[in-house]
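Shown next, in structure tokens, is the structure this report addresses.
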Amino acid sequence: MRRSLVCLGCLLVFVLDAEVHAASLAEAASGPTPPPELRARLDRAQDFLQLPARIEDSLVPPRWLKDGARLVFWSQAEGGTWALADARTGKVKPLLSGADLREHLSRLLGAPAKRLRFTEVALTPDERGLVFTHAGRVFRLGLEDGALTELSKDDRDGGGLSREHVVAPEGGAVAARRGEGFAVLDAAGRTVVERAGERGWDWRIPDKAWSPDGRFLVVWHVDARAVHQVPVVDYSSPLEKVEWVPYAKTGTPLPRWEAHVVEVATGRVTAAAPVDGEHHDAFVGWWPDRNEALFLHLSRDGKRLDLTAVEATTGARRRVLREERPESFVMGLDFEVGGAAPRVFPLPANRGFLWLSERDGWRHVYYYDSEGRRPRQLTRGAFPVHEVVGVEPGTDALLVVASAEPGSPYAQLVYRGSLKGGALKRVSSAEGLHRVSFAPSGRYYVDTWSSRTQPRLRELRSMDGRMNVRLTTSDVSQVEAMGYVPPEGFVVRAADGVTPLHGVLYKPRDFDASKRYPVLAYVYAGPFLNVVPWSYVGSGMSLNCAGLAQLGFVVVLLDPRGTPGRSKAFQDANYGRVGQTEIPDYVEGLKQLGATRPWMDLERVGIHGTSWGGYFALRGMLTAPDFFKAGYAGAPGAMEEEAIINEPYLGLPSSNPEGYAVGSNPPLAGKLQGHLKLMHGTSDVNATLSVTMRMADALIRAGKHFELLILPGEPHSPSPAAYRFYFDDVGMFFLRTLGEPRSEPQRG
């Protein structure tokens with residue numbers, strides 16, 4: 001009996017010591033300067049946030065040559081060097097040895113060439129060389145002789161590296177931005193045409209602006225003079241400066257995007273016929289063998305999408321296709337962040353085009369002729385097709401990326417289909433997230449993929465399936481040495497009790513199942529983005545989760561109803577009522593996880609997110625105040641902010657005033673119970689500072705105390721130093737408000 005009492009006493013002393021230690025850390029997290037122990041933990045968390053820097057791999061995709069069979073890529077062979085692969089033979093050879101590359105670079109630099117990690121790479125216009133930047137200087141590597149030379153900043157061979165210059169695919173002409181205007185230079189460097197712009201009415205050069213033959217160039221003339229403007233104040237000196245930035249808030253005028261076509265031979269600039277009404281516009285490319293430029297136009301409420309074609313020499317516009325969805329929306333923010341171009345895939349030889357549509361409830365591929373008639377559905381099933389990668393010349397074979405595997409609704413794999421329709425045939429050998437780079441010849445492709453447990457691989461494949469050559473394999477030995485463990489995947493039911501939701505759970509590297517860990521719900525939940533990682537590195541948000549977990553939290557990330565990537569019904573679950581379903585899904589999911597994981601302390605749950613996640617962090621604290629004990633909302637958005645972010649998912653304010661009102665956070669300020677902190681950068685023009693100011697005002701008027709971090713001069717995505725300060729502040733806030741893992745006495 002005495003022995004048991006002694007053991008119990010030791011245990012109580014241990015628990016009390018742990019609680020004192022936790023209290024001291026919580027107190028330390030309150031001070032102006034973290035003490036050494038806390039600083040070390042914050043540094044370790046930052047190491048996990050910077051995980052990609054410890055992976056040895058190429059940061060740039062391979063570059064295909066125009067012959068459609070050869071490509072240049074960064075190989076880890078021989079310590080790392082540039083290599084040339086021939087898809088016809090499957091052979092790979094370095095352009096020069098890794099030792100020679102470093103020796104030549106060191107000689108040109110006048111100093112030892114440090115670790116080689118390239119982010120800016122391009123082929124020369126004649127495709128006889130590769131150009132890249134290193135240590136702020138530009139170099140050319142010959143594809144035939146392996147000669148390495150340094151280029152001047154004005155050398156035309158390095159034009160492909162510039163974001164201000166766009167080289168034509170044929171003919172040697174160059175389009176260049178000049179302030180708010182642009183200029184076009186012919187192959188000899190002579191200025192063919194130049195247009196000046198002005199603030200609020202400038203010229204822009206879109207992606208894929210050049211016609212395939214290099215004869216024509218599409219440019220935008222963007223008129224934002226009638227658009228609402230927000231003030232950005234420069235506080236860096238006692239004499240403040242104010243810059244006014246166009247920002248189309250919900251219900252206010254949109255900018256007008258006026259398309260023009262430049263003909264290089266004559267210098268003629270032809271305005272395209274306008275499109276009636278207010279809408280969002282995107283240039284998506286050219287027909288392969290006709291002088292027509294293709295555009296998409298999305299109505300501001302997202303319910304109508306038009307495909308139009310503009311004849312290059314006359315500017316005449318014809319409507320090719322219209323898709324409408326009056327009960328919800330056709331597209332939303334994805335229209336402006338990379339989702340427009342994959343919607344349409346023009347076929348060569350006037351064979352028509354392929355179109356992605358969710359008209360049957362899932363995103364599938366449809367065929368149309370060149371006039372937008374005789375539609376035919378090519379893919380079918382309870383799964384989405386994300387992209388048409390390419391069509392093999394001379395055949396009916398096409399390659400798509402889809403999520404067609406049962407039980408893996410977010411895995412994106414490569415499948416082979418047919419222009420005649422029929423079932424898809426899986427090509428990818430393993431599950432994960434696959435991205436494809438199709439060769440110009442249409443006979444080969446590079447499949448770049450990874451999963452949560454498999455670091456990134458690149459494989460060179462042929463369309464007929466006979467050839468598969470491994471190009472690169474990521475080296476993650478440094479990451480593994482850090483103690484990184486991929487997150488645990490899970491499936492829970494949504495608040496409706498039926499819909500399965502997928503997510504991941506991050507644990508500290510020194511996780512101890514006998515302890516009770518405070519829980520952080522990392523939230524984004526925007527209706528236009530998935531955040532649960534399905535690749536090895538994931539996104540910035542998943543890296544944040546991995547970093548925060550190292551401070552002693554169990555961090556949970558999930559995609560609630562209303563997010564994309566699955567069925568149209570799944571995304572439409574919160575149509576017209578954004579802010580009403582997402583937090584209930586998170587709360588219900590966390591409760592289900594905690595029911596089978598005793599080491600999750602659901603009495604100490606915090607919520608954190610930035611941007612749309614900042615809105616939902618606030619939403620969690622105000623609509624589930626009994627569940628979330630602490631919340632940190634970074635740069636939160638609001639229903640009144642940018643039109644393209646809100647209107648397609650809520651409808652126009654005039655048509656759905658109740659949805660906007662119910663989803664607004666400031667009216668709920670009086671419901672706050674737990675600890676709350678807000679962060680905003682003063683130069684944020686994605687989610688404006690006024691959102692946080694209005695929320696702060698509402699909290700003050702409700703008599704609710706909160707904390708506030710202002711980052712002077714910082715945009716929506718803060719600079720590295722400011723972001724480190726913000727990340728540390730988030731960690732210290734939750735250490736202070738939720739505490740550390742606790743060791744509890746065993747019962748019985």
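How things are named: the first chain in the structure tokens is A, the next is B, and so on; residues count from 1 in each chain; ligands count from 1 in the order shown.
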Handout entry: Which of region 206-420 of chain A DSSP labels strand (DSSP E or B), written as a ChimeraX atom specification
Key = /A:210,216-223,229-234,241-246,249,256-263,269-271,279-286,292-299,304-311,317-324,344-346,353-357,364-368,376-377,385-391,397-402,412-418
Problem - Filtered DSSP result for region 552-704 of chain A, state helix (DSSP H, G or I), as number ranges by chain - result: A: 568-574, 582-596, 612-623, 643-650, 657-662, 666-671, 689-701
Closest atom pairs, region 399-446 of chain A residues within 12 Å of region 481-505 of chain A, only C-alpha atoms, as JSON lines:
{"residue": "A:Gly407", "atom": "CA", "partner": "A:Val491", "partner_atom": "CA", "distance": 10.2}
{"residue": "A:Ser408", "atom": "CA", "partner": "A:His502", "partner_atom": "CA", "distance": 9.5}
{"residue": "A:Pro409", "atom": "CA", "partner": "A:His502", "partner_atom": "CA", "distance": 8.9}
{"residue": "A:Tyr410", "atom": "CA", "partner": "A:His502", "partner_atom": "CA", "distance": 8.8}
{"residue": "A:Ala411", "atom": "CA", "partner": "A:His502", "partner_atom": "CA", "distance": 11.5}
Let me see the file: selected residues, all heavy atoms, as a PDB file, in the first residue's frame.
ATOM      1  N   GLY A 407     -13.125   5.402 -53.719  1.00  0.00           N
ATOM      2  CA  GLY A 407     -12.521   5.585 -52.407  1.00  0.00           C
ATOM      3  C   GLY A 407     -11.426   6.631 -52.359  1.00  0.00           C
ATOM      4  O   GLY A 407     -10.905   6.925 -51.287  1.00  0.00           O
ATOM      5  N   SER A 408     -11.053   7.190 -53.506  1.00  0.00           N
ATOM      6  CA  SER A 408     -10.011   8.230 -53.557  1.00  0.00           C
ATOM      7  C   SER A 408     -10.522   9.416 -54.365  1.00  0.00           C
ATOM      8  O   SER A 408     -10.067   9.666 -55.481  1.00  0.00           O
ATOM      9  CB  SER A 408      -8.720   7.683 -54.181  1.00  0.00           C
ATOM     10  OG  SER A 408      -8.206   6.606 -53.443  1.00  0.00           O
ATOM     11  N   PRO A 409     -11.490  10.143 -53.841  1.00  0.00           N
ATOM     12  CA  PRO A 409     -12.146  11.181 -54.640  1.00  0.00           C
ATOM     13  C   PRO A 409     -11.262  12.356 -55.006  1.00  0.00           C
ATOM     14  O   PRO A 409     -11.611  13.125 -55.896  1.00  0.00           O
ATOM     15  CB  PRO A 409     -13.307  11.629 -53.743  1.00  0.00           C
ATOM     16  CG  PRO A 409     -12.858  11.320 -52.352  1.00  0.00           C
ATOM     17  CD  PRO A 409     -12.057  10.050 -52.476  1.00  0.00           C
ATOM     18  N   TYR A 410     -10.121  12.510 -54.330  1.00  0.00           N
ATOM     19  CA  TYR A 410      -9.263  13.649 -54.630  1.00  0.00           C
ATOM     20  C   TYR A 410      -7.958  13.256 -55.331  1.00  0.00           C
ATOM     21  O   TYR A 410      -7.217  14.136 -55.768  1.00  0.00           O
ATOM     22  CB  TYR A 410      -8.927  14.408 -53.352  1.00  0.00           C
ATOM     23  CG  TYR A 410     -10.111  15.104 -52.725  1.00  0.00           C
ATOM     24  CD1 TYR A 410     -10.767  14.556 -51.628  1.00  0.00           C
ATOM     25  CD2 TYR A 410     -10.574  16.316 -53.221  1.00  0.00           C
ATOM     26  CE1 TYR A 410     -11.855  15.192 -51.040  1.00  0.00           C
ATOM     27  CE2 TYR A 410     -11.661  16.961 -52.646  1.00  0.00           C
ATOM     28  CZ  TYR A 410     -12.296  16.390 -51.555  1.00  0.00           C
ATOM     29  OH  TYR A 410     -13.371  17.027 -50.991  1.00  0.00           O
ATOM     30  N   ALA A 411      -7.666  11.978 -55.429  1.00  0.00           N
ATOM     31  CA  ALA A 411      -6.473  11.564 -56.161  1.00  0.00           C
ATOM     32  C   ALA A 411      -6.658  11.920 -57.629  1.00  0.00           C
ATOM     33  O   ALA A 411      -7.712  11.655 -58.211  1.00  0.00           O
ATOM     34  CB  ALA A 411      -6.239  10.066 -55.997  1.00  0.00           C
TER      35      ALA A 411
END
Problem - Exercise: Asp360 (chain A) partners within 12 Å, only C-alpha atoms, chain neighbours under 5 positions left out, as a PyMOL selection string - result: chain A and resi 325+365-366+377+379-384+567-569
Export of the given selection (all heavy atoms) as a compact mmCIF listing (two decimals), in the first residue's frame:
# COMPACT_ATOMS: atom_id res chain seq x y z
N ARG A 325 -26.31 27.97 -65.90
CA ARG A 325 -26.76 27.20 -64.74
C ARG A 325 -27.49 28.16 -63.80
O ARG A 325 -26.92 28.67 -62.84
CB ARG A 325 -25.58 26.53 -64.04
CG ARG A 325 -25.98 25.53 -62.95
CD ARG A 325 -24.77 24.82 -62.38
NE ARG A 325 -24.24 23.83 -63.26
CZ ARG A 325 -24.62 22.56 -63.30
NH1 ARG A 325 -25.58 22.15 -62.50
NH2 ARG A 325 -24.08 21.72 -64.13
N VAL A 365 -15.98 15.55 -70.15
CA VAL A 365 -15.51 16.05 -71.43
C VAL A 365 -16.62 15.90 -72.47
O VAL A 365 -17.20 14.82 -72.63
CB VAL A 365 -14.25 15.29 -71.89
CG1 VAL A 365 -13.72 15.89 -73.20
CG2 VAL A 365 -13.17 15.32 -70.82
N TYR A 366 -16.87 16.99 -73.20
CA TYR A 366 -17.85 17.00 -74.28
C TYR A 366 -17.16 17.44 -75.56
O TYR A 366 -16.27 18.30 -75.55
CB TYR A 366 -19.00 17.95 -73.96
CG TYR A 366 -19.85 17.51 -72.81
CD1 TYR A 366 -19.42 17.68 -71.49
CD2 TYR A 366 -21.09 16.91 -73.02
CE1 TYR A 366 -20.20 17.27 -70.42
CE2 TYR A 366 -21.88 16.49 -71.94
CZ TYR A 366 -21.42 16.68 -70.65
OH TYR A 366 -22.19 16.26 -69.59
N GLN A 377 -21.13 13.76 -75.40
CA GLN A 377 -20.42 13.52 -74.14
C GLN A 377 -19.45 12.36 -74.32
O GLN A 377 -19.82 11.27 -74.73
CB GLN A 377 -21.40 13.22 -73.01
CG GLN A 377 -20.73 13.13 -71.65
CD GLN A 377 -21.73 13.06 -70.51
OE1 GLN A 377 -22.94 13.19 -70.72
NE2 GLN A 377 -21.23 12.87 -69.29
N THR A 379 -16.91 11.42 -71.76
CA THR A 379 -16.60 10.69 -70.53
C THR A 379 -17.84 10.72 -69.63
O THR A 379 -18.60 11.69 -69.62
CB THR A 379 -15.41 11.32 -69.78
OG1 THR A 379 -15.73 12.68 -69.40
CG2 THR A 379 -14.16 11.33 -70.67
N ARG A 380 -18.02 9.65 -68.87
CA ARG A 380 -19.18 9.54 -68.00
C ARG A 380 -18.79 8.83 -66.72
O ARG A 380 -17.85 8.04 -66.70
CB ARG A 380 -20.31 8.74 -68.68
CG ARG A 380 -20.86 9.35 -69.95
CD ARG A 380 -21.93 8.45 -70.57
NE ARG A 380 -22.37 8.96 -71.85
CZ ARG A 380 -23.36 9.85 -72.00
NH1 ARG A 380 -24.01 10.29 -70.92
NH2 ARG A 380 -23.70 10.28 -73.19
N GLY A 381 -19.54 9.10 -65.65
CA GLY A 381 -19.33 8.40 -64.40
C GLY A 381 -19.41 9.33 -63.21
O GLY A 381 -19.41 10.57 -63.36
N ALA A 382 -19.46 8.75 -62.02
CA ALA A 382 -19.55 9.53 -60.78
C ALA A 382 -18.16 9.95 -60.33
O ALA A 382 -17.67 9.58 -59.26
CB ALA A 382 -20.25 8.71 -59.71
N PHE A 383 -17.48 10.74 -61.16
CA PHE A 383 -16.14 11.26 -60.87
C PHE A 383 -15.92 12.48 -61.76
O PHE A 383 -16.54 12.62 -62.81
CB PHE A 383 -15.07 10.21 -61.14
CG PHE A 383 -15.03 9.74 -62.57
CD1 PHE A 383 -14.28 10.42 -63.54
CD2 PHE A 383 -15.74 8.61 -62.97
CE1 PHE A 383 -14.25 9.99 -64.85
CE2 PHE A 383 -15.71 8.18 -64.29
CZ PHE A 383 -14.96 8.87 -65.23
N PRO A 384 -15.02 13.38 -61.36
CA PRO A 384 -14.73 14.55 -62.19
C PRO A 384 -13.48 14.37 -63.06
O PRO A 384 -12.50 13.73 -62.64
CB PRO A 384 -14.49 15.65 -61.15
CG PRO A 384 -13.89 14.92 -59.98
CD PRO A 384 -14.48 13.53 -59.99
N SER A 567 -18.24 16.33 -56.73
CA SER A 567 -19.42 16.52 -57.56
C SER A 567 -19.89 17.97 -57.49
O SER A 567 -19.51 18.73 -56.59
CB SER A 567 -20.55 15.61 -57.08
OG SER A 567 -21.01 16.02 -55.80
N LYS A 568 -20.72 18.35 -58.46
CA LYS A 568 -21.30 19.69 -58.44
C LYS A 568 -22.19 19.85 -57.21
O LYS A 568 -22.22 20.91 -56.57
CB LYS A 568 -22.10 19.92 -59.72
CG LYS A 568 -22.75 21.29 -59.81
CD LYS A 568 -21.74 22.43 -59.77
CE LYS A 568 -22.43 23.77 -60.01
NZ LYS A 568 -21.55 24.90 -59.67
N ALA A 569 -22.90 18.79 -56.81
CA ALA A 569 -23.76 18.86 -55.63
C ALA A 569 -22.95 19.10 -54.37
O ALA A 569 -23.40 19.82 -53.47
CB ALA A 569 -24.58 17.57 -55.51
Handout entry: Spatial neighbours of region 705-708 of chain A, max dist 7 Å, only C-alpha atoms, sep filter under 2 positions, as a list in words
Key = His675, Leu676, Lys677, Leu678, Met679, Gly703 and Ile710 of chain A
Find the residues near Leu101 (chain A): any atom within 8 Å, counting only C-alpha atoms, skip ones fewer than 4 places away on the same chain, and give them as a compact mmCIF listing (two decimals) with N, CA, C and O atoms, in the first residue's frame.
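Just written: result.txt:
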# COMPACT_ATOMS: atom_id res chain seq x y z
N THR A 81 22.91 18.21 -62.76
CA THR A 81 23.28 18.90 -63.99
C THR A 81 22.09 18.89 -64.94
O THR A 81 21.09 18.22 -64.70
N LEU A 96 26.52 18.47 -69.83
CA LEU A 96 27.89 18.43 -69.35
C LEU A 96 27.85 17.83 -67.96
O LEU A 96 26.78 17.78 -67.34
N SER A 97 28.96 17.37 -67.46
CA SER A 97 28.96 16.72 -66.16
C SER A 97 28.65 17.71 -65.05
O SER A 97 28.85 18.93 -65.21
N LEU A 105 30.67 27.45 -63.84
CA LEU A 105 29.92 28.50 -63.16
C LEU A 105 30.82 29.25 -62.19
O LEU A 105 30.77 30.48 -62.10
N LEU A 148 29.09 26.84 -71.69
CA LEU A 148 28.41 27.70 -70.73
C LEU A 148 28.96 29.11 -70.86
O LEU A 148 30.17 29.32 -70.75
Handout entry: Which residue of A:Gly302, A:Gly674, A:Gly634, A:Gly562 approaches Glu324 (chain A) most closely, using only C-alpha atoms
Key =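 That would be A:Gly302, the residue with the smallest distance to Glu324 (chain A).
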Practice task
Find the residues near Ser477 (chain A): any atom within 10 Å, counting only C-alpha atoms, skip ones fewer than 2 places away on the same chain, and give them as a PyMOL selection string.
Solution key: chain A and resi 54-56+474-475+479-482
Selection above as a file: N, CA, C and O atoms, as a compact mmCIF listing (two decimals), in the first residue's frame:
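Output contents, as saved in selection-v6.txt:
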# COMPACT_ATOMS: atom_id res chain seq x y z
N ARG A 54 14.58 21.74 -48.11
CA ARG A 54 15.44 20.61 -47.72
C ARG A 54 15.24 19.39 -48.62
O ARG A 54 15.70 18.31 -48.31
N ILE A 55 14.51 19.57 -49.71
CA ILE A 55 14.30 18.50 -50.68
C ILE A 55 15.18 18.77 -51.89
O ILE A 55 15.13 19.85 -52.48
N GLU A 56 15.98 17.79 -52.25
CA GLU A 56 16.82 17.92 -53.44
C GLU A 56 16.00 17.47 -54.66
O GLU A 56 15.71 16.30 -54.84
N SER A 474 12.90 12.72 -56.16
CA SER A 474 13.26 13.66 -55.10
C SER A 474 14.05 12.96 -54.00
O SER A 474 13.73 11.84 -53.61
N ASP A 475 15.07 13.65 -53.50
CA ASP A 475 15.85 13.17 -52.37
C ASP A 475 15.34 13.88 -51.11
O ASP A 475 15.52 15.09 -50.95
N VAL A 479 14.76 15.80 -45.03
CA VAL A 479 13.43 15.94 -44.44
C VAL A 479 13.18 14.82 -43.44
O VAL A 479 12.66 15.04 -42.33
N GLU A 480 13.54 13.62 -43.81
CA GLU A 480 13.35 12.49 -42.91
C GLU A 480 14.23 12.63 -41.67
O GLU A 480 13.82 12.26 -40.56
N ALA A 481 15.43 13.20 -41.85
CA ALA A 481 16.31 13.41 -40.70
C ALA A 481 15.74 14.44 -39.72
O ALA A 481 16.04 14.40 -38.52
N MET A 482 14.91 15.34 -40.21
CA MET A 482 14.25 16.31 -39.34
C MET A 482 13.21 15.66 -38.45
O MET A 482 12.78 16.24 -37.46
Exercise for the section: Tell me, as number ranges by chain, which residues lie within 9 Å of Phe727 (chain A), counting only C-alpha atoms; anything in the same chain fewer than 6 positions away does not count. Expected result: A: 42, 46, 544, 548
Go ahead and write the residues just picked, N, CA, C and O atoms, as a PDB file, in the first residue's frame.
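Here's the written file part.pdb:
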ATOM      1  N   LEU A  42      10.219  27.451 -31.746  1.00  0.00           N
ATOM      2  CA  LEU A  42       9.714  28.207 -32.886  1.00  0.00           C
ATOM      3  C   LEU A  42      10.591  28.000 -34.111  1.00  0.00           C
ATOM      4  O   LEU A  42      10.093  27.907 -35.241  1.00  0.00           O
ATOM      5  N   GLN A  46       9.548  26.428 -37.674  1.00  0.00           N
ATOM      6  CA  GLN A  46       9.852  27.105 -38.925  1.00  0.00           C
ATOM      7  C   GLN A  46      10.570  26.169 -39.894  1.00  0.00           C
ATOM      8  O   GLN A  46      10.362  26.236 -41.115  1.00  0.00           O
ATOM      9  N   ASN A 544       2.127  24.945 -43.055  1.00  0.00           N
ATOM     10  CA  ASN A 544       1.838  25.649 -41.806  1.00  0.00           C
ATOM     11  C   ASN A 544       1.347  24.682 -40.739  1.00  0.00           C
ATOM     12  O   ASN A 544       1.724  24.779 -39.568  1.00  0.00           O
ATOM     13  N   LEU A 548       3.112  24.149 -37.124  1.00  0.00           N
ATOM     14  CA  LEU A 548       2.423  24.414 -35.865  1.00  0.00           C
ATOM     15  C   LEU A 548       2.339  23.172 -34.991  1.00  0.00           C
ATOM     16  O   LEU A 548       2.379  23.264 -33.756  1.00  0.00           O
TER      17      LEU A 548
END
Practice task
Identify which of the residues A:Val121, A:Val391, A:Ala702, A:Val222 lies closest to Leu59 (chain A), counting only C-alpha atoms when measuring atom-to-atom distances.
Solution key: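 Using only C-alpha atoms, the shortest distance to Leu59 (chain A) belongs to A:Val121.
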Wanna dump the region 156-268 of chain A-region 334-350 of chain A contacts at 12 Å for me, each residue with its shortest atom pair and the distance in Å to one decimal, counting only C-alpha atoms, ordered by chain and number, as a Markdown table?
| residue | atom | partner | partner_atom | distance |
| --- | --- | --- | --- | --- |
| A:Pro206 | CA | A:Ala341 | CA | 11.5 |
| A:Asp207 | CA | A:Ala341 | CA | 9.7 |
| A:Lys208 | CA | A:Ala341 | CA | 9.9 |
| A:Pro212 | CA | A:Pro348 | CA | 11.7 |
For the selection just defined, write its residues with C-alpha atoms to a file, as a PDB file, in the first residue's frame.
ATOM      1  CA  PRO A 206      -1.979  37.594 -71.501  1.00  0.00           C
ATOM      2  CA  ASP A 207      -0.618  34.054 -71.445  1.00  0.00           C
ATOM      3  CA  LYS A 208      -0.542  32.305 -74.852  1.00  0.00           C
ATOM      4  CA  PRO A 212       0.969  29.647 -83.382  1.00  0.00           C
TER       5      PRO A 212
END
Handout entry: Counting only C-alpha atoms, the option among A:Gly394, A:Pro527, A:Gly251, A:Gly681 closest to Ser654 (chain A)
Key =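 Distance minimum relative to Ser654 (chain A) lands on A:Gly251.
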Handout entry: Selected residue of minimal separation from Ala549 (chain A) among A:Val730, A:Leu356, A:Ile700, A:Met331, counting only C-alpha atoms
Key =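 Nearest to Ala549 (chain A): A:Val730.
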Handout entry: One-decimal distance in Å that lies between CA of His165 (chain A) and CA of Ser152 (chain A)
Key =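 A separation of 15.2 Å between them.
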Practice task
Could you check how far CA of Ser539 (chain A) sits from CA of Pro598 (chain A), in Å to one decimal?
Solution key: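 Computed distance, CA of Ser539 (chain A) to CA of Pro598 (chain A), equals 28.6 Å.
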Handout entry: Interatomic distance (Å, one decimal) between CA of Arg561 (chain A) and CA of Ser542 (chain A)
Key =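 Separation of CA of Arg561 (chain A) and CA of Ser542 (chain A): 18.8 Å.
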